[in-house]
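Structure data (mmCIF, C-alpha atoms) from data-v3.cif:
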```cif
data_query
loop_
_atom_site.label_atom_id
_atom_site.label_comp_id
_atom_site.auth_asym_id
_atom_site.auth_seq_id
_atom_site.Cartn_x
_atom_site.Cartn_y
_atom_site.Cartn_z
CA MET A 1 0.00 0.00 0.00
CA ARG A 2 1.35 3.40 -0.94
CA ARG A 3 2.14 5.39 2.16
CA GLN A 4 0.97 8.98 2.27
CA SER A 5 1.76 11.58 4.85
CA THR A 6 0.83 15.16 5.47
CA VAL A 7 3.59 17.30 6.81
CA VAL A 8 2.63 20.64 8.20
CA ILE A 9 5.58 22.96 8.34
CA ALA A 10 5.15 26.37 9.78
CA ALA A 11 8.61 27.51 8.97
CA ALA A 12 11.24 25.39 7.28
CA THR A 13 14.00 25.79 4.81
CA LEU A 14 13.85 24.21 1.38
CA SER A 15 16.53 21.70 2.41
CA MET A 16 14.41 20.52 5.35
CA VAL A 17 11.42 20.02 3.06
CA ALA A 18 13.54 18.06 0.61
CA SER A 19 14.83 15.85 3.43
CA LEU A 20 11.32 15.09 4.61
CA LEU A 21 10.23 14.19 1.09
CA LEU A 22 13.17 11.84 0.67
CA VAL A 23 12.33 10.06 3.92
CA ASP A 24 8.68 9.72 2.89
CA SER A 25 9.71 8.33 -0.52
CA ALA A 26 12.03 5.77 1.06
CA LEU A 27 9.19 4.57 3.30
CA ALA A 28 6.72 4.28 0.42
CA VAL A 29 7.58 0.65 -0.40
CA PRO A 30 9.59 -0.63 2.56
CA PRO A 31 11.28 -4.01 2.56
CA GLY A 32 9.34 -6.71 4.38
CA ALA A 33 10.23 -8.29 7.70
CA SER A 34 13.06 -10.29 6.11
CA GLY A 35 14.65 -7.21 4.57
CA TYR A 36 14.58 -8.86 1.14
CA HIS A 37 13.19 -6.91 -1.81
CA VAL A 38 13.63 -6.73 -5.58
CA VAL A 39 16.66 -4.56 -6.31
CA LYS A 40 16.63 -4.67 -10.10
CA THR A 41 15.95 -6.65 -13.25
CA ILE A 42 18.98 -7.99 -15.10
CA PRO A 43 18.27 -7.94 -18.87
CA ILE A 44 19.28 -10.96 -20.93
CA GLY A 45 16.91 -10.99 -23.91
CA GLY A 46 16.48 -13.55 -26.66
CA PRO A 47 13.64 -15.99 -27.40
CA GLY A 48 12.61 -19.05 -25.44
CA LYS A 49 11.56 -19.90 -21.90
CA TRP A 50 13.64 -21.15 -18.99
CA ASP A 51 13.75 -23.59 -16.12
CA TYR A 52 16.37 -23.75 -13.36
CA ILE A 53 19.11 -21.33 -12.38
CA VAL A 54 22.33 -22.10 -10.46
CA VAL A 55 24.90 -19.90 -8.73
CA ASP A 56 28.56 -20.94 -8.55
CA THR A 57 29.39 -18.92 -5.44
CA ALA A 58 33.14 -19.51 -5.51
CA ALA A 59 33.59 -18.76 -9.22
CA ARG A 60 31.09 -15.84 -9.09
CA ARG A 61 29.01 -17.13 -11.97
CA VAL A 62 25.27 -17.53 -12.46
CA TYR A 63 24.02 -20.20 -14.88
CA VAL A 64 20.61 -19.34 -16.37
CA THR A 65 18.97 -22.03 -18.50
CA HIS A 66 17.32 -20.57 -21.60
CA SER A 67 15.60 -22.98 -23.96
CA THR A 68 18.45 -23.95 -26.32
CA HIS A 69 21.47 -22.73 -24.39
CA VAL A 70 22.71 -21.63 -20.97
CA VAL A 71 23.48 -17.97 -20.35
CA VAL A 72 26.29 -17.30 -17.86
CA LEU A 73 26.28 -14.10 -15.81
CA ASP A 74 28.89 -12.52 -13.57
CA ALA A 75 27.40 -12.76 -10.06
CA ASP A 76 28.81 -9.37 -9.07
CA SER A 77 28.46 -7.19 -12.17
CA ASP A 78 25.40 -9.02 -13.61
CA ALA A 79 27.04 -8.88 -17.05
CA VAL A 80 26.69 -11.75 -19.52
CA VAL A 81 30.12 -13.41 -19.55
CA GLY A 82 29.52 -16.62 -21.46
CA ASN A 83 27.23 -19.05 -23.17
CA ILE A 84 26.92 -22.84 -23.31
CA PRO A 85 25.35 -23.67 -26.71
CA ASP A 86 23.41 -26.63 -28.10
CA THR A 87 21.52 -27.63 -24.96
CA LEU A 88 18.11 -28.14 -26.56
CA GLY A 89 15.31 -27.94 -24.02
CA VAL A 90 17.76 -27.42 -21.16
CA HIS A 91 16.29 -27.78 -17.67
CA GLY A 92 19.11 -27.77 -15.13
CA VAL A 93 22.81 -27.34 -14.48
CA ALA A 94 24.98 -29.33 -12.05
CA LEU A 95 28.46 -28.23 -11.03
CA ALA A 96 31.45 -30.35 -10.04
CA PRO A 97 34.08 -27.77 -9.00
CA ASP A 98 36.37 -30.49 -7.65
CA LEU A 99 36.59 -31.85 -11.20
CA GLY A 100 36.39 -28.55 -13.08
CA ARG A 101 33.30 -29.77 -14.90
CA GLY A 102 29.67 -28.80 -15.30
CA PHE A 103 26.66 -30.72 -16.64
CA THR A 104 23.39 -29.70 -18.30
CA SER A 105 20.21 -31.74 -18.68
CA ASN A 106 18.90 -31.24 -22.21
CA GLY A 107 15.24 -32.25 -22.10
CA LYS A 108 14.38 -32.14 -25.79
CA ALA A 109 17.63 -33.74 -26.93
CA ASN A 110 17.56 -36.48 -24.25
CA THR A 111 21.22 -35.82 -23.51
CA VAL A 112 23.56 -34.45 -20.86
CA THR A 113 26.23 -31.98 -21.95
CA ILE A 114 29.54 -32.01 -20.05
CA PHE A 115 31.38 -28.68 -20.18
CA ASP A 116 34.56 -27.11 -18.82
CA LEU A 117 33.89 -24.79 -15.88
CA LYS A 118 36.69 -22.39 -16.78
CA THR A 119 36.21 -22.06 -20.53
CA LEU A 120 32.51 -23.08 -20.67
CA LYS A 121 33.36 -25.13 -23.76
CA PRO A 122 31.52 -28.46 -24.21
CA ILE A 123 33.64 -31.54 -23.52
CA SER A 124 31.23 -34.32 -24.53
CA THR A 125 27.57 -35.30 -24.79
CA VAL A 126 26.05 -38.30 -23.01
CA LYS A 127 22.77 -40.04 -23.84
CA SER A 128 20.41 -39.83 -20.88
CA SER A 129 19.07 -43.42 -21.09
CA GLY A 130 15.57 -41.98 -20.86
CA VAL A 131 13.22 -39.27 -22.03
CA ASN A 132 13.33 -35.59 -21.01
CA PRO A 133 16.20 -35.31 -18.50
CA ASP A 134 15.10 -32.59 -16.09
CA ALA A 135 16.54 -32.34 -12.58
CA ILE A 136 20.29 -32.94 -12.43
CA TYR A 137 22.56 -33.29 -9.40
CA TYR A 138 26.28 -33.92 -8.84
CA ASP A 139 27.09 -36.09 -5.81
CA ALA A 140 30.62 -35.28 -4.66
CA GLY A 141 30.82 -38.42 -2.52
CA SER A 142 30.39 -40.85 -5.41
CA LYS A 143 31.61 -38.42 -8.10
CA ARG A 144 28.52 -39.21 -10.12
CA VAL A 145 25.98 -37.03 -11.88
CA PHE A 146 22.34 -38.01 -11.65
CA ALA A 147 19.97 -36.85 -14.41
CA PHE A 148 16.31 -37.54 -13.69
CA ASN A 149 14.20 -38.27 -16.75
CA GLY A 150 10.80 -36.62 -16.41
CA ARG A 151 8.95 -38.71 -18.98
CA SER A 152 10.46 -42.17 -18.56
CA ALA A 153 10.24 -42.48 -14.75
CA ASN A 154 13.93 -43.21 -14.29
CA ALA A 155 17.32 -41.62 -13.68
CA VAL A 156 20.71 -42.09 -15.28
CA ALA A 157 23.91 -42.07 -13.24
CA ILE A 158 27.01 -40.83 -15.07
CA ASN A 159 30.59 -41.05 -13.86
CA ALA A 160 31.58 -37.41 -13.75
CA THR A 161 35.26 -38.09 -14.37
CA ASP A 162 34.93 -39.84 -17.72
CA GLY A 163 31.30 -39.33 -18.80
CA LYS A 164 30.49 -43.04 -18.87
CA VAL A 165 27.04 -44.21 -17.84
CA ALA A 166 27.22 -46.11 -14.54
CA GLY A 167 23.64 -47.32 -14.61
CA THR A 168 19.98 -46.38 -14.41
CA ILE A 169 17.55 -46.22 -11.49
CA ALA A 170 13.80 -46.79 -11.66
CA VAL A 171 11.96 -43.88 -10.06
CA ASP A 172 8.45 -45.22 -10.79
CA GLY A 173 6.98 -41.77 -11.26
CA LYS A 174 7.75 -38.27 -12.52
CA PRO A 175 10.93 -37.05 -10.83
CA GLU A 176 11.29 -33.36 -10.07
CA PHE A 177 14.10 -31.53 -8.26
CA ALA A 178 16.98 -33.41 -6.61
CA VAL A 179 19.50 -32.65 -3.86
CA GLY A 180 22.04 -34.64 -1.85
CA ASP A 181 24.08 -34.73 1.33
CA ASP A 182 27.41 -35.30 -0.50
CA GLN A 183 27.80 -38.46 1.56
CA GLY A 184 26.35 -40.84 -0.97
CA HIS A 185 22.65 -40.06 -0.54
CA VAL A 186 20.60 -38.35 -3.24
CA TYR A 187 17.01 -37.24 -2.69
CA VAL A 188 14.38 -36.51 -5.33
CA ASN A 189 10.71 -35.48 -5.30
CA VAL A 190 8.32 -37.69 -7.26
CA GLU A 191 5.70 -35.22 -8.42
CA ASP A 192 2.85 -37.45 -9.55
CA LYS A 193 3.11 -39.81 -6.57
CA SER A 194 3.63 -37.20 -3.81
CA GLN A 195 6.72 -39.06 -2.66
CA LEU A 196 10.30 -38.32 -1.66
CA LEU A 197 12.95 -40.86 -2.65
CA GLU A 198 16.33 -41.51 -1.05
CA ILE A 199 18.85 -43.06 -3.46
CA ASP A 200 22.13 -44.81 -2.69
CA ALA A 201 24.58 -43.09 -5.04
CA GLN A 202 27.06 -45.98 -4.98
CA LYS A 203 24.71 -48.94 -5.29
CA LEU A 204 22.31 -47.04 -7.58
CA SER A 205 19.30 -48.30 -5.67
CA VAL A 206 16.31 -46.71 -3.94
CA LEU A 207 16.82 -46.87 -0.18
CA HIS A 208 13.54 -45.31 0.88
CA ARG A 209 10.32 -44.16 -0.72
CA TRP A 210 8.70 -41.78 1.74
CA PRO A 211 5.10 -40.54 1.30
CA LEU A 212 4.47 -36.79 1.42
CA ALA A 213 0.88 -37.04 2.61
CA GLY A 214 -1.00 -33.80 2.00
CA CYS A 215 1.58 -32.47 -0.46
CA LYS A 216 0.19 -31.88 -3.95
CA GLU A 217 2.75 -32.31 -6.75
CA PRO A 218 6.03 -31.72 -4.88
CA SER A 219 8.47 -29.89 -7.14
CA GLY A 220 11.35 -27.81 -5.74
CA LEU A 221 13.62 -29.38 -3.14
CA ALA A 222 16.38 -28.04 -0.87
CA ILE A 223 18.47 -29.49 1.96
CA ASP A 224 19.98 -28.43 5.26
CA GLN A 225 22.92 -30.83 5.30
CA LYS A 226 23.92 -30.04 8.90
CA ASN A 227 20.52 -30.60 10.49
CA ARG A 228 19.56 -33.31 7.97
CA ARG A 229 16.35 -31.64 6.86
CA LEU A 230 14.76 -31.63 3.40
CA PHE A 231 12.41 -28.92 2.13
CA SER A 232 9.84 -30.00 -0.49
CA VAL A 233 7.56 -27.31 -1.92
CA CYS A 234 4.04 -28.36 -2.83
CA GLY A 235 1.46 -27.13 -5.31
CA ASN A 236 -1.14 -26.65 -2.56
CA LYS A 237 0.73 -23.76 -0.94
CA LYS A 238 2.71 -25.59 1.70
CA MET A 239 6.27 -26.75 2.30
CA MET A 240 7.03 -30.19 3.71
CA VAL A 241 10.03 -30.24 6.05
CA VAL A 242 11.28 -33.82 6.20
CA ASN A 243 13.83 -35.58 8.41
CA ALA A 244 16.42 -36.86 5.89
CA ASP A 245 17.16 -39.94 8.00
CA THR A 246 13.68 -41.11 8.91
CA GLY A 247 11.41 -39.56 6.27
CA LYS A 248 9.21 -38.06 8.97
CA VAL A 249 7.46 -34.78 8.13
CA VAL A 250 8.33 -32.43 10.99
CA ALA A 251 6.76 -29.14 9.81
CA THR A 252 4.48 -27.75 7.08
CA PRO A 253 4.92 -23.96 6.83
CA ALA A 254 2.72 -22.06 4.38
CA ILE A 255 4.13 -20.77 1.08
CA GLY A 256 2.82 -19.03 -2.03
CA GLU A 257 1.08 -20.50 -5.07
CA ASP A 258 2.77 -22.51 -7.85
CA PRO A 259 6.30 -23.02 -6.49
CA ASP A 260 8.96 -24.72 -8.57
CA ALA A 261 12.15 -24.23 -6.56
CA ALA A 262 13.33 -24.10 -2.98
CA GLY A 263 16.54 -22.95 -1.36
CA PHE A 264 18.27 -23.03 2.02
CA ASP A 265 20.93 -20.59 3.20
CA PRO A 266 22.94 -22.17 6.05
CA ASP A 267 24.49 -18.87 7.15
CA THR A 268 21.16 -17.11 7.71
CA GLN A 269 19.09 -20.23 8.50
CA LEU A 270 16.52 -19.03 5.97
CA VAL A 271 14.49 -21.30 3.70
CA PHE A 272 13.00 -19.93 0.47
CA SER A 273 10.21 -20.89 -1.92
CA SER A 274 9.81 -19.13 -5.29
CA ASN A 275 6.13 -19.00 -6.20
CA GLY A 276 5.14 -18.34 -9.81
CA GLU A 277 1.40 -17.84 -9.65
CA SER A 278 1.34 -15.63 -6.56
CA GLY A 279 4.44 -13.81 -7.79
CA ASP A 280 6.33 -13.84 -4.52
CA LEU A 281 9.22 -15.37 -2.61
CA THR A 282 8.32 -16.99 0.71
CA VAL A 283 11.02 -16.52 3.36
CA ILE A 284 10.97 -18.95 6.29
CA HIS A 285 13.30 -18.99 9.30
CA GLU A 286 14.62 -22.28 10.63
CA ASP A 287 14.20 -21.68 14.39
CA SER A 288 15.37 -25.20 15.12
CA ALA A 289 15.58 -28.45 13.18
CA ASP A 290 11.86 -29.05 13.67
CA LYS A 291 10.44 -25.52 14.09
CA TYR A 292 9.93 -22.99 11.28
CA THR A 293 8.49 -19.48 11.17
CA VAL A 294 7.23 -17.73 8.03
CA VAL A 295 8.98 -14.35 8.00
CA ASP A 296 7.90 -12.79 4.74
CA ASN A 297 6.33 -13.13 1.30
CA VAL A 298 8.46 -10.85 -0.83
CA PRO A 299 6.72 -9.55 -4.00
CA THR A 300 8.63 -10.64 -7.11
CA ARG A 301 6.74 -11.15 -10.36
CA LYS A 302 4.25 -13.62 -11.76
CA TYR A 303 5.89 -16.73 -13.30
CA ALA A 304 9.10 -16.16 -11.30
CA ARG A 305 8.92 -19.74 -10.06
CA THR A 306 12.59 -20.80 -9.96
CA MET A 307 15.47 -19.34 -7.97
CA ALA A 308 19.07 -19.70 -6.81
CA ILE A 309 20.97 -18.33 -3.82
CA ASP A 310 24.40 -16.68 -3.90
CA PHE A 311 25.82 -17.95 -0.62
CA LYS A 312 28.48 -15.23 -0.50
CA THR A 313 26.20 -12.20 -0.78
CA HIS A 314 22.94 -13.96 0.19
CA ASN A 315 21.39 -12.43 -2.92
CA ILE A 316 18.73 -14.39 -4.78
CA PHE A 317 18.30 -14.62 -8.56
CA LEU A 318 14.96 -15.47 -10.21
CA PRO A 319 14.55 -15.85 -14.00
CA ILE A 320 11.61 -13.91 -15.41
CA ALA A 321 10.11 -12.37 -18.54
CA GLU A 322 7.17 -10.18 -19.50
CA PHE A 323 4.08 -11.93 -20.86
CA GLU A 324 1.06 -11.08 -22.94
CA SER A 325 -2.26 -10.47 -21.14
CA THR A 326 -4.19 -13.41 -22.63
CA ILE A 327 -3.56 -17.17 -22.60
CA PRO A 328 -3.75 -18.88 -26.01
CA LYS A 329 -6.11 -21.83 -26.35
CA GLY A 330 -4.44 -25.07 -25.29
CA GLU A 331 -1.62 -23.33 -23.40
CA ASP A 332 -1.00 -23.05 -19.66
CA GLU A 333 0.27 -19.48 -19.71
CA PRO A 334 0.43 -16.50 -22.08
CA ALA A 335 3.15 -16.01 -24.67
CA MET A 336 6.35 -14.23 -23.72
CA LYS A 337 6.85 -10.73 -25.02
CA PRO A 338 9.88 -10.60 -27.34
CA ASN A 339 13.28 -9.82 -25.85
CA THR A 340 12.05 -9.45 -22.26
CA PHE A 341 13.86 -12.42 -20.71
CA GLY A 342 16.04 -11.64 -17.72
CA ALA A 343 16.50 -12.25 -14.01
CA LEU A 344 15.31 -10.48 -10.89
CA LEU A 345 17.92 -9.69 -8.26
CA VAL A 346 16.46 -9.91 -4.77
CA SER A 347 18.62 -8.62 -1.95
CA LYS A 348 18.56 -6.96 1.47
#
```
Once more with this new file: its structure as structure tokens, please.
Amino acid sequence: MRRQSTVVIAAATLSMVASLLLVDSALAVPPGASGYHVVKTIPIGGPGKWDYIVVDTAARRVYVTHSTHVVVLDADSDAVVGNIPDTLGVHGVALAPDLGRGFTSNGKANTVTIFDLKTLKPISTVKSSGVNPDAIYYDAGSKRVFAFNGRSANAVAINATDGKVAGTIAVDGKPEFAVGDDQGHVYVNVEDKSQLLEIDAQKLSVLHRWPLAGCKEPSGLAIDQKNRRLFSVCGNKKMMVVNADTGKVVATPAIGEDPDAAGFDPDTQLVFSSNGESGDLTVIHEDSADKYTVVDNVPTRKYARTMAIDFKTHNIFLPIAEFESTIPKGEDEPAMKPNTFGALLVSK
């Protein structure tokens, strides 16, 4: 709500009036309780939609998936510094800094591209052993990359060092986002079954299949590795906080509508959900391992449903574009306006 104030000044200099006006302007749209707010929009442009976004905190790079390629930004200057081409239908990016390699899941090509983290040049392309590789995760413990195939209900495990396929895992449902503890355990939401799977990264087997009762279409997933807690965001405006060892749901804080990504910042103990339909970013504080308080719902923009955290600055990036006002017949959302693709920068 726009704040208005009436200042009655019997006698004041012009400088005093100017100062009062500046204060009033600053208070017009104050940051919420979390302090987070949209700072600016980073223009990228070009045709095509997007999916996930990843920040390489150490290398100061932001990887933004964009339909047929991956745009790479400088995390500090926001400038476009590179491009990874020929990633048709790209969904996600996984980083293996210990190996100097990155990996993209190319949904329409049914492949995984391996690229050099320094030069961004492709090294090789691996068949995904399934249809529509979507979520992708690098497990440092096993040095394997897991690409989850959204339309064939399975996942492919690739040896990150040589690009050879180590095997496939039956998911028995539509896998969504994946995370891990870097100790040989990989977790993935199964959207159409409302389940959370724990996978043994060495044996390539499903250890547990935990139900997420009351969670509609779990999508985004994040992890607190220290406290062993998983954060699944659900289509019915709630987050499921799950014990990563037992599968027990310990909390269900409220979030916005149509989430597709979650994040956890261990330094601030904040959990985030990016919500596309409600056009906001839910900020939740981890009071303890099993207690969570909703701090804020930061206005972002409609369809800003994925996000990534810069763990150095604690800034958050959300891909976004401008859209037409009407939805074409047979489509879920309106068409993008040309050359409006970019990313929101949310900061304190």
Determine the residue membership of the PyMOL selection byres ((chain A and resi 205-209) around 12) for the file above and supply it as number ranges by chain. A: 154-157, 167-173, 184-190, 193-204, 210-212, 244-248
Which residues are near Trp50 (chain A)? Cut-off 10 Å, all atoms listed in the file, ignore same chain within fewer than 2 positions. Put them as a VMD selection string. chain A and resid 47 to 48 52 to 53 64 to 70 89 to 92 306 319 to 321 341 to 342
Counting all atoms listed in the file, find residues at most 6 Å from (1.7, -27.3, -4.7) (file frame) and give them as JSON, numbers by chain. {"A": [216, 217, 234, 235, 236, 237, 258]}
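The residue that comes closest to Leu281 (chain A), out of A:Ile123, A:Leu73, A:Leu345, A:Val249 and on the basis of all atoms listed in the file, is A:Leu345.
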Check what the PyMOL selection byres ((chain A and resi 121) around 12) selects in the file above and give those residues as a ChimeraX atom specification. /A:70,82-86,100-103,113-120,122-125
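If you measure from each of A:Asp260, A:Asp78, A:Glu277, A:Asp56 to Thr41 (chain A) using all atoms listed in the file, the closest one turns out to be A:Asp78.
Atom pair CA of Lys40 (chain A) / CA of Val283 (chain A) has a distance of 18.8 Å (rounded to one decimal).
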